[in-house]
file target16.tsv (TSV, C-alpha atoms)
chain	number	residue	atom	x	y	z
A	175	MET	CA	-11.04	109.85	-45.05
A	176	THR	CA	-12.77	107.33	-47.25
A	177	GLN	CA	-14.39	104.18	-46.00
A	178	SER	CA	-11.89	101.99	-47.83
A	179	THR	CA	-9.02	103.81	-46.09
A	180	ASN	CA	-10.73	103.27	-42.75
A	181	ASN	CA	-11.13	99.59	-43.53
A	182	GLY	CA	-7.48	99.43	-44.54
A	183	ASN	CA	-6.42	101.03	-41.24
A	184	ASP	CA	-8.69	98.71	-39.26
A	185	SER	CA	-7.18	95.72	-40.93
A	186	LEU	CA	-3.66	97.03	-40.40
A	187	LEU	CA	-4.39	97.72	-36.74
A	188	GLU	CA	-5.84	94.25	-36.34
A	189	ASN	CA	-2.74	92.67	-37.87
A	190	LEU	CA	-0.43	94.69	-35.64
A	191	ARG	CA	-2.53	93.88	-32.61
A	192	LEU	CA	-2.38	90.17	-33.38
A	193	GLU	CA	1.35	90.39	-33.89
A	194	LEU	CA	1.77	92.11	-30.55
A	195	ARG	CA	-0.43	89.55	-28.82
A	196	ARG	CA	1.32	86.55	-30.33
A	197	GLY	CA	4.51	87.00	-28.37
A	198	CYS	CA	2.66	87.84	-25.17
A	199	LEU	CA	0.54	84.75	-25.55
A	200	VAL	CA	3.55	82.44	-25.44
A	201	LEU	CA	4.59	84.08	-22.20
A	202	ALA	CA	1.10	83.87	-20.75
A	203	VAL	CA	0.67	80.20	-21.69
A	204	LEU	CA	4.04	79.19	-20.30
A	205	ALA	CA	3.35	81.11	-17.11
A	206	GLU	CA	-0.14	79.61	-16.70
A	207	LEU	CA	1.20	76.12	-17.24
A	208	ARG	CA	3.49	76.30	-14.27
A	209	ASN	CA	0.44	74.55	-12.83
A	210	GLU	CA	-0.76	71.57	-14.83
A	211	GLN	CA	-3.98	72.18	-16.72
A	212	TYR	CA	-5.91	70.83	-19.64
A	213	GLY	CA	-6.79	72.88	-22.71
A	214	TYR	CA	-10.21	74.14	-21.75
A	215	THR	CA	-9.29	75.27	-18.22
A	216	LEU	CA	-6.21	76.96	-19.60
A	217	ARG	CA	-8.27	78.84	-22.17
A	218	LYS	CA	-10.81	79.77	-19.52
A	219	GLY	CA	-8.11	80.89	-17.10
A	220	LEU	CA	-6.52	83.13	-19.70
A	221	ALA	CA	-9.90	84.63	-20.60
A	222	GLU	CA	-10.67	85.36	-16.94
A	223	ARG	CA	-7.44	87.32	-16.78
A	224	GLY	CA	-8.45	89.34	-19.83
A	225	LEU	CA	-6.53	87.38	-22.43
A	226	GLU	CA	-9.18	85.74	-24.59
A	227	VAL	CA	-7.81	83.22	-26.99
A	228	ASP	CA	-9.75	80.94	-29.27
A	229	GLU	CA	-9.11	77.24	-29.49
A	230	GLY	CA	-7.88	77.57	-33.06
A	231	THR	CA	-4.97	79.62	-31.79
A	232	LEU	CA	-4.37	78.00	-28.45
A	233	TYR	CA	-4.16	74.32	-29.40
A	234	PRO	CA	-1.75	74.82	-32.29
A	235	LEU	CA	0.38	76.94	-29.98
A	236	LEU	CA	0.36	74.22	-27.34
A	237	ARG	CA	1.43	71.68	-29.93
A	238	ARG	CA	4.22	73.92	-31.14
A	239	LEU	CA	5.51	74.58	-27.64
A	240	GLU	CA	5.41	70.87	-26.92
A	241	THR	CA	7.33	70.09	-30.11
A	242	GLN	CA	9.90	72.69	-29.05
A	243	GLY	CA	10.26	70.87	-25.75
A	244	LEU	CA	8.89	73.71	-23.64
A	245	LEU	CA	5.77	71.82	-22.58
A	246	ALA	CA	4.93	68.23	-21.78
A	247	SER	CA	1.50	66.71	-22.13
A	248	GLU	CA	-0.24	63.50	-21.22
A	249	TRP	CA	-3.72	62.05	-21.66
A	250	ARG	CA	-5.29	61.18	-18.33
A	251	GLU	CA	-8.73	60.34	-17.08
A	252	GLU	CA	-10.47	62.91	-14.92
A	253	ASP	CA	-14.14	62.88	-13.98
A	254	LYS	CA	-14.52	59.75	-16.13
A	255	ARG	CA	-13.31	61.62	-19.19
A	256	ASN	CA	-10.01	61.56	-21.00
A	257	LYS	CA	-8.28	64.90	-20.97
A	258	ARG	CA	-4.95	66.06	-22.23
A	259	PHE	CA	-3.01	67.77	-19.48
A	260	TYR	CA	-0.21	70.19	-20.20
A	261	LYS	CA	2.61	71.32	-17.96
A	262	ILE	CA	5.67	73.45	-18.48
A	263	SER	CA	8.89	71.43	-18.87
A	264	ARG	CA	12.27	72.09	-17.26
A	265	ASP	CA	13.45	73.77	-20.47
A	266	GLY	CA	10.20	75.69	-20.59
A	267	LYS	CA	10.79	77.09	-17.10
A	268	LEU	CA	14.23	78.27	-18.13
A	269	VAL	CA	12.91	79.90	-21.29
A	270	LEU	CA	10.07	81.50	-19.37
A	271	LYS	CA	12.51	83.05	-16.92
A	272	GLN	CA	14.59	84.48	-19.75
A	273	LEU	CA	11.56	85.69	-21.66
A	274	LEU	CA	10.15	87.42	-18.59
A	275	ALA	CA	13.43	89.26	-18.11
A	276	GLU	CA	13.32	90.26	-21.77
A	277	TRP	CA	9.71	91.33	-21.43
A	278	GLN	CA	10.46	93.51	-18.42
A	279	GLY	CA	13.42	95.03	-20.24
A	280	ILE	CA	11.25	95.87	-23.25
A	281	GLY	CA	8.60	97.33	-20.96
A	282	LEU	CA	11.10	99.60	-19.25
A	283	SER	CA	12.63	100.73	-22.54
A	284	LEU	CA	9.24	101.45	-24.02
A	285	GLU	CA	8.19	103.40	-20.97
A	286	GLY	CA	11.32	105.52	-21.27
A	287	ILE	CA	10.74	106.15	-24.96
A	288	LEU	CA	7.13	107.14	-24.41
A	289	LYS	CA	8.03	109.47	-21.54
A	290	GLU	CA	10.68	111.23	-23.58
A	291	SER	CA	8.36	111.78	-26.51
A	292	GLY	CA	5.58	113.04	-24.20
A	293	HIS	CA	3.16	110.20	-24.87
A	294	GLY	CA	3.57	108.46	-21.53
A	295	SER	CA	0.63	107.83	-19.28
A	296	HIS	CA	2.54	109.15	-16.27
B	33	MET	CA	-24.80	65.19	-28.89
B	34	ASP	CA	-25.62	64.05	-32.39
B	35	LEU	CA	-24.95	67.59	-33.58
B	36	ILE	CA	-21.56	67.65	-31.85
B	37	ASN	CA	-20.63	64.32	-33.38
B	38	ARG	CA	-21.56	65.56	-36.81
B	39	TYR	CA	-19.52	68.71	-36.23
B	40	LEU	CA	-16.54	66.64	-35.15
B	41	GLN	CA	-16.91	64.29	-38.09
B	42	ALA	CA	-16.96	67.24	-40.47
B	43	VAL	CA	-13.88	68.79	-38.87
B	44	LYS	CA	-12.13	65.43	-38.82
B	45	PHE	CA	-12.35	65.14	-42.55
B	46	TRP	CA	-10.13	68.18	-43.01
B	47	LEU	CA	-7.43	67.19	-40.56
B	48	PRO	CA	-4.12	65.52	-41.41
B	49	LYS	CA	-4.41	61.76	-41.11
B	50	ASN	CA	-1.69	61.27	-38.51
B	51	GLN	CA	-3.16	63.87	-36.12
B	52	LYS	CA	-6.86	63.28	-36.70
B	53	GLN	CA	-7.68	61.24	-33.61
B	54	ASP	CA	-5.58	63.36	-31.31
B	55	ILE	CA	-6.98	66.71	-32.40
B	56	ILE	CA	-10.56	65.48	-32.51
B	57	ALA	CA	-10.30	63.98	-29.01
B	58	GLU	CA	-8.99	67.26	-27.67
B	59	LEU	CA	-11.53	69.33	-29.54
B	60	ALA	CA	-14.32	67.07	-28.32
B	61	GLU	CA	-13.15	67.46	-24.75
B	62	ASP	CA	-12.97	71.23	-25.11
B	63	LEU	CA	-16.47	71.33	-26.53
B	64	ARG	CA	-17.96	69.12	-23.85
B	65	SER	CA	-16.32	71.14	-21.11
B	66	GLN	CA	-17.71	74.33	-22.62
B	67	ILE	CA	-21.18	72.85	-22.85
B	68	GLU	CA	-21.00	71.60	-19.27
B	69	ASP	CA	-19.97	75.05	-18.09
B	70	ARG	CA	-22.85	76.64	-19.93
B	71	GLU	CA	-25.28	74.08	-18.55
B	72	ALA	CA	-24.01	74.71	-15.03
B	73	GLU	CA	-24.60	78.45	-15.54
B	74	LEU	CA	-28.14	77.90	-16.76
B	75	GLY	CA	-28.92	75.06	-14.35
B	76	ARG	CA	-30.33	72.92	-17.13
B	77	GLN	CA	-29.32	70.98	-20.21
B	78	LEU	CA	-28.75	72.86	-23.46
B	79	ASN	CA	-31.20	72.14	-26.23
B	80	GLU	CA	-30.13	71.42	-29.79
B	81	SER	CA	-30.45	74.98	-31.07
B	82	GLU	CA	-28.37	76.29	-28.14
B	83	VAL	CA	-25.68	73.73	-28.89
B	84	ALA	CA	-25.81	74.73	-32.56
B	85	GLU	CA	-25.44	78.38	-31.57
B	86	LEU	CA	-22.47	77.53	-29.40
B	87	LEU	CA	-20.83	75.66	-32.27
B	88	LYS	CA	-21.38	78.54	-34.65
B	89	GLN	CA	-19.78	80.92	-32.16
B	90	ARG	CA	-16.57	78.94	-32.16
B	91	PRO	CA	-14.06	81.54	-33.26
B	92	GLY	CA	-11.91	81.05	-36.30
B	93	VAL	CA	-8.58	82.80	-35.84
B	94	VAL	CA	-6.39	79.89	-36.80
B	95	SER	CA	-2.74	79.78	-37.60
B	96	ASN	CA	-1.35	76.24	-37.76
B	97	LEU	CA	-1.85	73.69	-40.46
B	98	PRO	CA	-4.17	71.21	-38.74
B	99	PHE	CA	-6.44	73.99	-37.64
B	100	SER	CA	-6.37	76.11	-40.76
B	101	CYS	CA	-8.64	73.72	-42.60
B	102	TRP	CA	-10.85	73.73	-39.58
B	103	ARG	CA	-11.13	77.51	-39.86
B	104	SER	CA	-11.96	77.54	-43.55
B	105	TRP	CA	-14.48	74.85	-42.84
B	106	GLN	CA	-15.92	76.88	-39.97
B	107	GLY	CA	-16.47	79.82	-42.28
B	108	SER	CA	-18.68	77.77	-44.51
B	109	THR	CA	-20.70	75.79	-42.01
B	110	CYS	CA	-23.69	78.05	-41.76
B	111	CYS	CA	-24.08	78.46	-45.49
B	112	LEU	CA	-23.49	74.89	-46.55
B	113	GLY	CA	-25.04	73.19	-43.57
B	114	CYS	CA	-22.38	70.50	-43.51
B	115	TRP	CA	-23.12	69.71	-39.94
B	116	CYS	CA	-26.31	71.73	-39.46
B	117	GLY	CA	-27.66	68.75	-41.28
B	118	SER	CA	-31.25	68.15	-42.13
B	119	PRO	CA	-32.56	71.69	-42.88
B	120	ALA	CA	-29.87	72.38	-45.47
B	121	ARG	CA	-30.16	68.93	-46.98
B	122	SER	CA	-33.93	69.29	-47.16
B	123	VAL	CA	-33.58	72.58	-49.02
B	124	ASN	CA	-31.20	70.85	-51.41
B	125	ILE	CA	-33.69	68.05	-52.02
B	126	VAL	CA	-36.53	70.53	-52.55
B	127	PHE	CA	-34.41	72.50	-55.00
B	128	CYS	CA	-33.32	69.43	-56.94
B	129	SER	CA	-36.88	68.10	-56.97
B	130	TRP	CA	-38.12	71.41	-58.27
B	131	TRP	CA	-35.50	71.29	-61.01
B	132	LEU	CA	-36.55	67.79	-61.99
B	133	TRP	CA	-40.18	68.81	-62.00
B	134	TRP	CA	-39.41	71.84	-64.12
B	135	ALA	CA	-37.31	69.82	-66.48
B	136	GLY	CA	-39.96	67.13	-66.70
B	137	GLY	CA	-42.57	69.66	-67.65
B	138	HIS	CA	-40.54	71.25	-70.41
B	139	TRP	CA	-38.37	68.53	-71.97
B	140	TYR	CA	-35.61	70.59	-73.50
B	141	PRO	CA	-37.63	73.55	-74.71
B	142	THR	CA	-36.14	75.37	-77.68
B	143	LEU	CA	-38.63	78.22	-77.59
B	144	ILE	CA	-39.17	80.47	-74.59
B	145	HIS	CA	-41.91	83.12	-74.65
B	146	PHE	CA	-41.87	85.82	-72.05
B	147	ALA	CA	-43.51	89.29	-72.10
B	148	GLY	CA	-43.58	89.49	-75.86
B	149	VAL	CA	-40.03	88.24	-76.23
B	150	THR	CA	-39.35	84.96	-77.96
B	151	VAL	CA	-36.00	83.35	-77.36
B	152	THR	CA	-35.03	80.49	-79.66
B	153	LEU	CA	-32.41	78.22	-78.22
B	154	ALA	CA	-29.84	76.58	-80.42
B	155	PRO	CA	-30.25	72.85	-81.10
B	156	VAL	CA	-27.14	72.25	-79.03
B	157	TRP	CA	-29.19	73.12	-75.96
B	158	ARG	CA	-30.58	69.61	-75.78
B	159	TYR	CA	-27.16	68.22	-74.89
B	160	PHE	CA	-26.77	70.68	-72.05
B	161	PHE	CA	-30.32	70.04	-70.97
B	162	TRP	CA	-29.69	66.33	-70.58
B	163	GLY	CA	-26.40	67.02	-68.83
B	164	TYR	CA	-28.11	69.19	-66.25
B	165	PHE	CA	-30.99	66.80	-66.01
B	166	LEU	CA	-28.62	63.96	-65.15
B	167	LEU	CA	-26.80	66.11	-62.59
B	168	GLY	CA	-30.15	67.04	-61.05
B	169	VAL	CA	-31.13	63.39	-60.66
B	170	VAL	CA	-27.76	62.40	-59.21
B	171	ASN	CA	-27.75	65.33	-56.77
B	172	THR	CA	-31.24	64.51	-55.59
B	173	VAL	CA	-30.27	60.90	-54.95
B	174	ALA	CA	-27.10	62.03	-53.15
B	175	SER	CA	-29.06	64.41	-50.92
B	176	ALA	CA	-31.56	61.70	-50.11
B	177	VAL	CA	-28.72	59.31	-49.19
B	178	ASN	CA	-27.18	62.03	-47.05
B	179	VAL	CA	-30.33	62.38	-44.97
B	180	PHE	CA	-29.92	58.78	-43.86
B	181	ARG	CA	-26.12	58.71	-43.83
B	182	PRO	CA	-24.98	62.06	-42.39
B	183	TYR	CA	-21.57	60.62	-41.45
B	184	TRP	CA	-20.49	59.96	-44.99
B	185	THR	CA	-18.44	63.12	-44.98
B	186	LEU	CA	-15.60	61.97	-47.22
B	187	GLU	CA	-17.91	60.37	-49.74
B	188	ARG	CA	-20.06	63.50	-49.81
B	189	ALA	CA	-17.08	65.77	-50.40
B	190	VAL	CA	-15.75	63.55	-53.21
B	191	PHE	CA	-19.15	63.35	-54.78
B	192	ARG	CA	-19.65	67.10	-54.53
B	193	LEU	CA	-16.28	67.67	-56.15
B	194	LEU	CA	-17.20	65.42	-59.08
B	195	SER	CA	-20.65	66.92	-59.38
B	196	ASP	CA	-19.35	70.49	-59.29
B	197	GLY	CA	-16.69	69.57	-61.81
B	198	ALA	CA	-19.30	68.17	-64.18
B	199	GLY	CA	-21.48	71.27	-63.67
B	200	SER	CA	-18.56	73.56	-64.42
B	201	ALA	CA	-17.71	71.58	-67.54
B	202	ILE	CA	-21.27	71.96	-68.81
B	203	CYS	CA	-21.20	75.69	-68.06
B	204	TRP	CA	-17.93	75.97	-69.95
B	205	LEU	CA	-19.41	74.22	-72.95
B	206	MET	CA	-22.55	76.36	-72.73
B	207	LYS	CA	-20.35	79.37	-73.27
B	208	ALA	CA	-20.33	78.38	-76.91
B	209	ASN	CA	-23.73	79.19	-78.21
B	210	ILE	CA	-27.08	78.71	-76.61
B	211	VAL	CA	-29.32	81.34	-78.14
B	212	ALA	CA	-30.06	81.01	-81.84
B	213	ALA	CA	-32.37	84.04	-82.09
B	214	ILE	CA	-34.37	86.54	-80.09
B	215	SER	CA	-37.44	88.22	-81.50
B	216	VAL	CA	-39.58	90.85	-79.85
B	217	VAL	CA	-43.17	91.63	-80.74
B	218	ASN	CA	-43.56	94.99	-82.56
B	219	VAL	CA	-39.81	95.43	-82.87
B	220	ALA	CA	-38.19	95.32	-86.30
B	221	PRO	CA	-35.94	92.25	-86.81
B	222	GLU	CA	-32.87	94.40	-87.51
B	223	LYS	CA	-33.12	95.90	-84.01
B	224	THR	CA	-32.67	92.48	-82.46
B	225	GLN	CA	-29.84	91.64	-84.81
B	226	TRP	CA	-27.15	92.06	-82.11
B	227	SER	CA	-28.26	88.89	-80.36
B	228	HIS	CA	-28.02	86.89	-83.50
B	229	THR	CA	-24.65	88.34	-84.39
B	230	ARG	CA	-23.26	87.66	-80.95
B	231	SER	CA	-24.58	84.17	-81.04
B	232	THR	CA	-23.06	83.51	-84.44
B	233	GLY	CA	-19.72	84.86	-83.24
B	234	GLY	CA	-19.76	82.45	-80.33
B	235	ARG	CA	-20.46	79.62	-82.69
B	236	GLN	CA	-17.50	80.50	-84.85
B	237	ASN	CA	-15.14	80.94	-81.96
B	238	TYR	CA	-15.84	78.00	-79.82
B	239	PHE	CA	-15.02	74.65	-81.25
B	240	PRO	CA	-16.82	72.23	-78.88
B	241	GLY	CA	-20.03	74.19	-79.15
B	242	ARG	CA	-19.73	74.36	-82.88
B	243	SER	CA	-19.09	70.66	-83.19
B	244	LEU	CA	-22.10	69.85	-81.03
B	245	SER	CA	-24.19	72.24	-83.11
B	246	ALA	CA	-23.01	70.63	-86.30
B	247	ARG	CA	-23.85	67.16	-85.03
B	248	SER	CA	-27.29	68.20	-83.88
B	249	SER	CA	-28.12	69.91	-87.17
B	250	PRO	CA	-30.24	67.89	-89.61
call {"tool": "encode", "arguments": {"input": "target16.tsv", "output": "structure tokens"}}
result
Amino acid sequence: MTQSTNNGNDSLLENLRLELRRGCLVLAVLAELRNEQYGYTLRKGLAERGLEVDEGTLYPLLRRLETQGLLASEWREEDKRNKRFYKISRDGKLVLKQLLAEWQGIGLSLEGILKESGHGSH
Amino acid sequence: MDLINRYLQAVKFWLPKNQKQDIIAELAEDLRSQIEDREAELGRQLNESEVAELLKQRPGVVSNLPFSCWRSWQGSTCCLGCWCGSPARSVNIVFCSWWLWWAGGHWYPTLIHFAGVTVTLAPVWRYFFWGYFLLGVVNTVASAVNVFRPYWTLERAVFRLLSDGAGSAICWLMKANIVAAISVVNVAPEKTQWSHTRSTGGRQNYFPGRSLSARSSP
């Protein structure tokens, strides 16, 4: 296999990986924000749980979710510094519940598919 | 902190007007929290180069509009030194000064001798020479101003755009015809004919260059 093909596959894999992560990230952020947090602690919390996300992805996502009414935010002073705190909204909680059910359904389906085709980890 | 402010100023320039303050305030808070965390780990304050390193490590996977400019800007920070500041600007000043010195010592040369090769530049060269000379002077002044006014981000970008535009225009005009002849010691004139032919072709095909040549001819 040539180097250019390898590079092409790497780039394809990276794109697919990002695509896969994108949906999961919404779930993770909504779930994390069941407790109010500001941007940095949220990013740190996600990273500690193995879901590293850079600020260039996280903050736009937070803004989008807020625009969609799934999050609420407010600027507040903490430790003599102004921070923007985010928390999941009532609508957000509802959506999270539905998304989690969907997520679990997908997980189960995928597990079944992988088992049948002999690629399962079990 | 001066470095962080310069970084934020540079990022701010690229953000949409109505979201500038909001995004910058949040980004600033994120940065300061990260620095505080790092300082707590080390048990001491970060020095300037450590802060610079931390800024450079800021990842750039960006998807939304306000942050996409930030990403493209991030990609260029190390090379252009927009916020790295003084080292890059100093290099720019040194380069421009060298150019001025070089230009001052040669005053639109039309003959260049190198390793037995003599290149004769077309008379039109003097116009390009003065164009570049002027750009060199203006760039040097701009770099010097930038040393004392690092926050003039918008003005710098506008100026750079104009300067680059002028440079590109000169390059485009130079396409016409710069070399009049090339002669090589101990090589028969007919063997260097290709240069002359090519040069003549350029002159015929490119109107601005031809018109400048015509005006500069006695």
call {"tool": "interface_residues", "arguments": {"input": "target16.tsv", "of": "chain A", "to": "chain B", "cutoff": "12 Å", "atoms": "all atoms listed in the file", "output": "VMD selection string"}}
result
chain A and resid 188 to 189 192 to 193 196 212 to 218 226 to 238 247 to 260
call {"tool": "write_last_selection", "arguments": {"input": "target16.tsv", "atoms": "C-alpha atoms", "output": "CSV table (one decimal), in the coordinates of the input"}}
result
chain,number,residue,atom,x,y,z
A,188,GLU,CA,-5.8,94.2,-36.3
A,189,ASN,CA,-2.7,92.7,-37.9
A,192,LEU,CA,-2.4,90.2,-33.4
A,193,GLU,CA,1.4,90.4,-33.9
A,196,ARG,CA,1.3,86.6,-30.3
A,212,TYR,CA,-5.9,70.8,-19.6
A,213,GLY,CA,-6.8,72.9,-22.7
A,214,TYR,CA,-10.2,74.1,-21.8
A,215,THR,CA,-9.3,75.3,-18.2
A,216,LEU,CA,-6.2,77.0,-19.6
A,217,ARG,CA,-8.3,78.8,-22.2
A,218,LYS,CA,-10.8,79.8,-19.5
A,226,GLU,CA,-9.2,85.7,-24.6
A,227,VAL,CA,-7.8,83.2,-27.0
A,228,ASP,CA,-9.8,80.9,-29.3
A,229,GLU,CA,-9.1,77.2,-29.5
A,230,GLY,CA,-7.9,77.6,-33.1
A,231,THR,CA,-5.0,79.6,-31.8
A,232,LEU,CA,-4.4,78.0,-28.4
A,233,TYR,CA,-4.2,74.3,-29.4
A,234,PRO,CA,-1.8,74.8,-32.3
A,235,LEU,CA,0.4,76.9,-30.0
A,236,LEU,CA,0.4,74.2,-27.3
A,237,ARG,CA,1.4,71.7,-29.9
A,238,ARG,CA,4.2,73.9,-31.1
A,247,SER,CA,1.5,66.7,-22.1
A,248,GLU,CA,-0.2,63.5,-21.2
A,249,TRP,CA,-3.7,62.0,-21.7
A,250,ARG,CA,-5.3,61.2,-18.3
A,251,GLU,CA,-8.7,60.3,-17.1
A,252,GLU,CA,-10.5,62.9,-14.9
A,253,ASP,CA,-14.1,62.9,-14.0
A,254,LYS,CA,-14.5,59.8,-16.1
A,255,ARG,CA,-13.3,61.6,-19.2
A,256,ASN,CA,-10.0,61.6,-21.0
A,257,LYS,CA,-8.3,64.9,-21.0
A,258,ARG,CA,-5.0,66.1,-22.2
A,259,PHE,CA,-3.0,67.8,-19.5
A,260,TYR,CA,-0.2,70.2,-20.2
call {"tool": "atom_distance", "arguments": {"input": "target16.tsv", "atom1": "CA of Glu80 (chain B)", "atom2": "CA of Ile36 (chain B)"}}
result
9.6 Å
call {"tool": "atom_distance", "arguments": {"input": "target16.tsv", "atom1": "CA of Phe161 (chain B)", "atom2": "CA of Ser195 (chain B)"}}
result
15.4 Å
call {"tool": "residues_near_point", "arguments": {"input": "target16.tsv", "point": "(10.4, 78.4, -21.3)", "cutoff": "12 Å", "atoms": "all atoms listed in the file", "output": "ChimeraX atom specification"}}
result
/A:200-208,239-240,242-246,261-275
call {"tool": "atom_distance", "arguments": {"input": "target16.tsv", "atom1": "CA of Leu166 (chain B)", "atom2": "CA of Ile202 (chain B)"}}
result
11.5 Å
